[in-house]
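Enquirer: One structure, as structure tokens, below. Some questions next.
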Amino acid sequence: MNIVEVENLTKRYGGETAVEDLSFTLEKATATALIGPNGAGKTTSLSMLANLLSSTSGEIIMKKDISIGFLPQYPQFFPWLTALEFTELAAKISGVDTKQARLQSIQTLEFVGLENALHKKTGSFSGGMKQRLGLAQAIVHRPELLLLDEPISALDPTGRREIINLLKSLQQNTTILYSTHILNDAEEMTDQLLFMRDGRLIEQGSLKDVKKKHAAPYIQMKFRNSINALEFASNHTWKCEVKEDFVLLPVSETGPTMQEVLYVLSTEKQDIIGVEFQDASLEEIFLKVVANK
Ligand SMILES: Nc1ncnc2c1ncn2[C@@H]1O[C@H](COP(=O)(O)OP(=O)(O)OP(=O)(O)O)[C@@H](O)[C@H]1O
């Protein structure tokens, strides 16, 4: 079931177009990653969905009475409030009654890993703590739709992993649309990918479909040195690519199978260190899509 339908959404600032003709749908309880370089139009799109910015044209159709949580790219807090006071305030603004607001705030702050900072003033928070608090205020009222603008970018690798795991655990009941430029992390929480550039959607689909369309997996052979790798590539008619000590062999219907490759390597005397299947990363795919459009 679709809970959001975006149709031909466009935002112009004077003569400049920030978002152009954007169309996509969000299915209930799925995670969609909005990916694109700086200035692609991600924040503008999320702000229109959060109803913080009006569109120039196009439509956003949402499920009736949907509750929305929004994490801005640079969340602002009142530095004199404690984490609990701030989260309670956010809950009340979103319509949660006073008693429930306190309970849900405590639970949410524990959920995002701020259980030891409930009574600390937000003005003393580190960047990572602020990011967690930003997430807390976005989810404290248990929204059906969660819009997150770069929720993990300000975190260190451990923090990113934790937040991704938290978001994944929310996914059963929540529809998530988030922007990011950390593509390898996005790969872990993506039912749908939306690639944007210059305000336009340049590719969309499931991770599997986008990978299938743009980047086949390949067999990667690592040789002792680049001379060995070049020698191997020139001694065979397989269509392959040499990258330093590696020979990359795309897996295709017409190309050799892993079995054939292993057979060749075992019968010929090769100075080889390892052979493995490699799946193209989201980063490689994104660079390819951007380059081809
Ligand atoms: N208030 C504004 N006035 C004029 N132009 C704007 C305004 N806000 C955004 N833009 C322009 O719209 C385009 C898209 O910006 P947006 O912030 O949505 O991109 P983004 O993909 O979120 O980028 P980033 O990854 O850097 O946050 C940019 O060219 C930007 O300069």
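Chains: A, B, ... in order of the structure tokens. Residues: from 1 per chain. Ligands: from 1, in order shown.
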Give me the residues within 7 Å of range 271-283 of chain A as a PyMOL selection string, counting only C-alpha atoms and dropping any in the same chain fewer than 6 places off.
Expert: chain A and resi 183-184+187+215-224+228
Enquirer: Could you write those residues out with C-alpha atoms, as a PDB file, in the first residue's frame?
Expert:
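See part-v4.pdb below for the written result:
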ATOM      1  CA  LEU A 183      26.368   5.113   0.140  1.00  0.00           C
ATOM      2  CA  ASN A 184      27.829   1.997   1.670  1.00  0.00           C
ATOM      3  CA  GLU A 187      23.064  -0.134   1.043  1.00  0.00           C
ATOM      4  CA  ALA A 215      26.521  -3.158 -12.589  1.00  0.00           C
ATOM      5  CA  ALA A 216      26.881  -6.875 -12.945  1.00  0.00           C
ATOM      6  CA  PRO A 217      28.872  -8.673 -10.283  1.00  0.00           C
ATOM      7  CA  TYR A 218      32.355  -9.700 -11.276  1.00  0.00           C
ATOM      8  CA  ILE A 219      34.994 -12.265 -10.523  1.00  0.00           C
ATOM      9  CA  GLN A 220      38.015 -10.605  -8.977  1.00  0.00           C
ATOM     10  CA  MET A 221      41.431 -12.225  -9.246  1.00  0.00           C
ATOM     11  CA  LYS A 222      44.306 -10.804  -7.264  1.00  0.00           C
ATOM     12  CA  PHE A 223      47.776 -11.485  -8.648  1.00  0.00           C
ATOM     13  CA  ARG A 224      51.163 -11.125  -6.985  1.00  0.00           C
ATOM     14  CA  ASN A 228      51.191 -10.930 -13.542  1.00  0.00           C
TER      15      ASN A 228
END
Enquirer: Find the residues around range 116-125 of chain A up to 10 Å (only C-alpha atoms counted), leave out those fewer than 2 positions away in its own chain, and share them as a VMD selection string.
Expert: chain A and resid 76 to 87 105 to 106 109 to 110 113 to 114 127 to 131 133
Enquirer: Measure the distance from CA of Glu260 in chain A to CA of Lys213 in chain A in Å and round it to one decimal.
Expert: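 Here the two named atoms are 24.7 Å from each other.
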Enquirer: Within 10 Å of ligand 1, which residues of chain A show up? Give each one with its shortest atom-to-atom distance in Å (one decimal) and the two atoms involved, counting only C-alpha atoms and all ligand atoms, rows by chain then rising residue number, as a tab-separated table.
Expert:
residue	atom	partner	partner_atom_place_in_ligand_line	distance
A:Lys11	CA	ligand 1	12 (O)	8.3
A:Arg12	CA	ligand 1	5 (N)	7.8
A:Tyr13	CA	ligand 1	4 (C)	5.1
A:Gly14	CA	ligand 1	4 (C)	7.6
A:Gly15	CA	ligand 1	4 (C)	9.2
A:Glu16	CA	ligand 1	5 (N)	6.7
A:Thr17	CA	ligand 1	12 (O)	6.5
A:Ala18	CA	ligand 1	12 (O)	3.7
A:Val19	CA	ligand 1	14 (C)	6.8
A:Leu34	CA	ligand 1	21 (O)	8.9
A:Ile35	CA	ligand 1	21 (O)	8.0
A:Gly36	CA	ligand 1	21 (O)	6.0
A:Pro37	CA	ligand 1	25 (O)	5.7
A:Asn38	CA	ligand 1	26 (O)	3.5
A:Gly39	CA	ligand 1	19 (O)	3.4
A:Ala40	CA	ligand 1	21 (O)	3.6
A:Gly41	CA	ligand 1	18 (O)	3.2
A:Lys42	CA	ligand 1	21 (O)	3.8
A:Thr43	CA	ligand 1	22 (O)	3.6
A:Thr44	CA	ligand 1	18 (O)	3.7
A:Ser45	CA	ligand 1	18 (O)	6.4
A:Leu46	CA	ligand 1	18 (O)	8.1
A:Ser47	CA	ligand 1	18 (O)	8.4
A:Met48	CA	ligand 1	18 (O)	9.9
A:Leu53	CA	ligand 1	1 (N)	9.6
A:Gln73	CA	ligand 1	27 (O)	7.4
A:Tyr74	CA	ligand 1	27 (O)	9.7
A:Asp149	CA	ligand 1	22 (O)	7.9
A:Glu150	CA	ligand 1	27 (O)	8.1
A:Ser179	CA	ligand 1	22 (O)	7.9
A:Thr180	CA	ligand 1	25 (O)	7.7
A:His181	CA	ligand 1	25 (O)	7.2
A:Met196	CA	ligand 1	21 (O)	7.7
A:Arg197	CA	ligand 1	21 (O)	7.8
A:Asp198	CA	ligand 1	29 (O)	7.3
A:Gly199	CA	ligand 1	14 (C)	6.4
Enquirer: Please identify the strand (DSSP E) residues within range 15-172 of chain A (assignment by DSSP from backbone atoms) and present them as a PyMOL selection string.
Expert: chain A and resi 16-27+31-35+57-62+68-71+145-149
Enquirer: Using the selection just defined, write its residues with N, CA and C atoms as a short mmCIF file (atom, residue, chain, number, x, y, z; two decimals), in the first residue's frame.
Expert:
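The resulting file, selection_34.cif, is shown below:
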data_model
loop_
_atom_site.label_atom_id
_atom_site.label_comp_id
_atom_site.auth_asym_id
_atom_site.auth_seq_id
_atom_site.Cartn_x
_atom_site.Cartn_y
_atom_site.Cartn_z
N GLU A 16 16.14 29.76 -10.79
CA GLU A 16 16.88 28.51 -10.52
C GLU A 16 15.94 27.38 -10.10
N THR A 17 16.15 26.22 -10.69
CA THR A 17 15.32 25.06 -10.35
C THR A 17 16.04 24.17 -9.35
N ALA A 18 15.45 24.01 -8.17
CA ALA A 18 16.07 23.15 -7.14
C ALA A 18 15.60 21.71 -7.29
N VAL A 19 14.32 21.55 -7.64
CA VAL A 19 13.75 20.20 -7.85
C VAL A 19 12.87 20.27 -9.09
N GLU A 20 13.01 19.30 -9.98
CA GLU A 20 12.25 19.35 -11.22
C GLU A 20 11.56 18.03 -11.52
N ASP A 21 10.24 18.11 -11.59
CA ASP A 21 9.45 16.99 -12.10
C ASP A 21 9.72 15.67 -11.36
N LEU A 22 9.75 15.76 -10.06
CA LEU A 22 10.08 14.59 -9.24
C LEU A 22 8.83 13.75 -8.98
N SER A 23 8.89 12.48 -9.32
CA SER A 23 7.76 11.57 -9.07
C SER A 23 8.26 10.28 -8.46
N PHE A 24 7.62 9.86 -7.38
CA PHE A 24 7.92 8.55 -6.79
C PHE A 24 6.83 8.22 -5.78
N THR A 25 6.80 6.99 -5.34
CA THR A 25 5.84 6.60 -4.31
C THR A 25 6.59 5.95 -3.14
N LEU A 26 5.98 6.03 -1.98
CA LEU A 26 6.54 5.35 -0.81
C LEU A 26 5.53 4.33 -0.33
N GLU A 27 5.98 3.11 -0.27
CA GLU A 27 5.11 2.03 0.17
C GLU A 27 5.22 1.91 1.69
N ALA A 31 11.92 1.39 3.49
CA ALA A 31 12.94 2.45 3.63
C ALA A 31 13.40 2.86 2.23
N THR A 32 13.40 4.16 1.99
CA THR A 32 13.83 4.69 0.70
C THR A 32 15.02 5.61 0.93
N ALA A 33 16.08 5.38 0.19
CA ALA A 33 17.27 6.23 0.32
C ALA A 33 17.29 7.23 -0.83
N LEU A 34 17.38 8.49 -0.46
CA LEU A 34 17.46 9.58 -1.44
C LEU A 34 18.94 9.94 -1.55
N ILE A 35 19.49 9.67 -2.71
CA ILE A 35 20.94 9.78 -2.85
C ILE A 35 21.28 10.79 -3.94
N SER A 57 5.15 23.63 -8.37
CA SER A 57 4.09 22.87 -9.03
C SER A 57 4.24 21.40 -8.67
N GLY A 58 3.26 20.62 -9.06
CA GLY A 58 3.27 19.20 -8.74
C GLY A 58 2.47 18.92 -7.49
N GLU A 59 2.40 17.65 -7.12
CA GLU A 59 1.52 17.26 -6.02
C GLU A 59 2.18 16.26 -5.09
N ILE A 60 1.83 16.37 -3.81
CA ILE A 60 2.22 15.34 -2.84
C ILE A 60 0.92 14.81 -2.25
N ILE A 61 0.64 13.55 -2.51
CA ILE A 61 -0.59 12.96 -1.97
C ILE A 61 -0.20 12.00 -0.86
N MET A 62 -0.74 12.27 0.33
CA MET A 62 -0.39 11.41 1.47
C MET A 62 -1.63 10.75 2.03
N ILE A 68 3.80 12.58 10.80
CA ILE A 68 5.13 12.68 10.18
C ILE A 68 6.17 13.06 11.23
N GLY A 69 7.32 12.44 11.15
CA GLY A 69 8.47 12.86 11.95
C GLY A 69 9.54 13.38 11.00
N PHE A 70 10.20 14.46 11.38
CA PHE A 70 11.19 15.06 10.47
C PHE A 70 12.48 15.37 11.21
N LEU A 71 13.58 14.91 10.65
CA LEU A 71 14.89 15.28 11.18
C LEU A 71 15.56 16.17 10.15
N LEU A 145 5.28 8.12 9.11
CA LEU A 145 6.24 8.49 8.07
C LEU A 145 7.40 9.26 8.70
N LEU A 146 8.59 8.80 8.44
CA LEU A 146 9.78 9.42 9.01
C LEU A 146 10.64 9.99 7.88
N LEU A 147 10.85 11.30 7.92
CA LEU A 147 11.65 11.96 6.89
C LEU A 147 12.96 12.40 7.55
N LEU A 148 14.07 11.90 7.06
CA LEU A 148 15.35 12.15 7.73
C LEU A 148 16.34 12.72 6.73
N ASP A 149 16.82 13.93 7.02
CA ASP A 149 17.78 14.56 6.12
C ASP A 149 19.19 14.31 6.66
#
Enquirer: Would you mind writing down, as a ChimeraX atom specification, each residue of range 114-285 of chain A that DSSP on the backbone assigns to alpha helix (DSSP H)?
Expert: /A:127-139,157-170,183-186,207-214,226-235,258-267,282-285
Enquirer: One decimal, in Å: what's the spacing between CA of Gln104 in chain A and CA of Val140 in chain A?
Expert: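 That distance, rounded to one decimal, is 6.2 Å.
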Enquirer: Extract, using only C-alpha atoms, all DNA, RNA and protein residues at most 12 Å from Arg142 in chain A, discarding same-chain residues fewer than 4 positions from it, and format them as a list in words.
Expert: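 Surrounding residues, per the criterion: Ile66, Ser67, Ile68, Gly69, Phe70, Ala90, Ala91, Ser94, Gly95, Val96, Gln100, Ala101, Gln104, Ser105, Gln107, Thr108, Leu135, Ala136, Gln137, Ala138, Leu146, Leu170, Gln171, Asn173, Thr174 and Thr175 of chain A.
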Enquirer: Using only C-alpha atoms, pick whichever of A:Ile182, A:Phe111, A:Asn225, A:Glu5 has the shortest atom-to-atom distance to Asp245 in chain A.
Expert: A:Asn225
Enquirer: Considering only C-alpha atoms, state which residue in the set A:Lys64, A:Lys208, A:Lys99, A:Lys243 is at the smallest distance from Ser226 in chain A.
Expert: A:Lys243
Enquirer: Find the distance between CA of Gly255 in chain A and CA of Ala291 in chain A and write it in Å to one decimal.
Expert: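 These atoms are spaced 24.9 Å apart.
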Enquirer: Check the smallest atom-to-atom distance from each of A:Ser126, A:Asn8, A:Leu167, A:Val261 to Leu155 in chain A using only C-alpha atoms, then report the winner.
Expert: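 Among A:Ser126, A:Asn8, A:Leu167, A:Val261, it is A:Ser126 that comes nearest to Leu155 in chain A.
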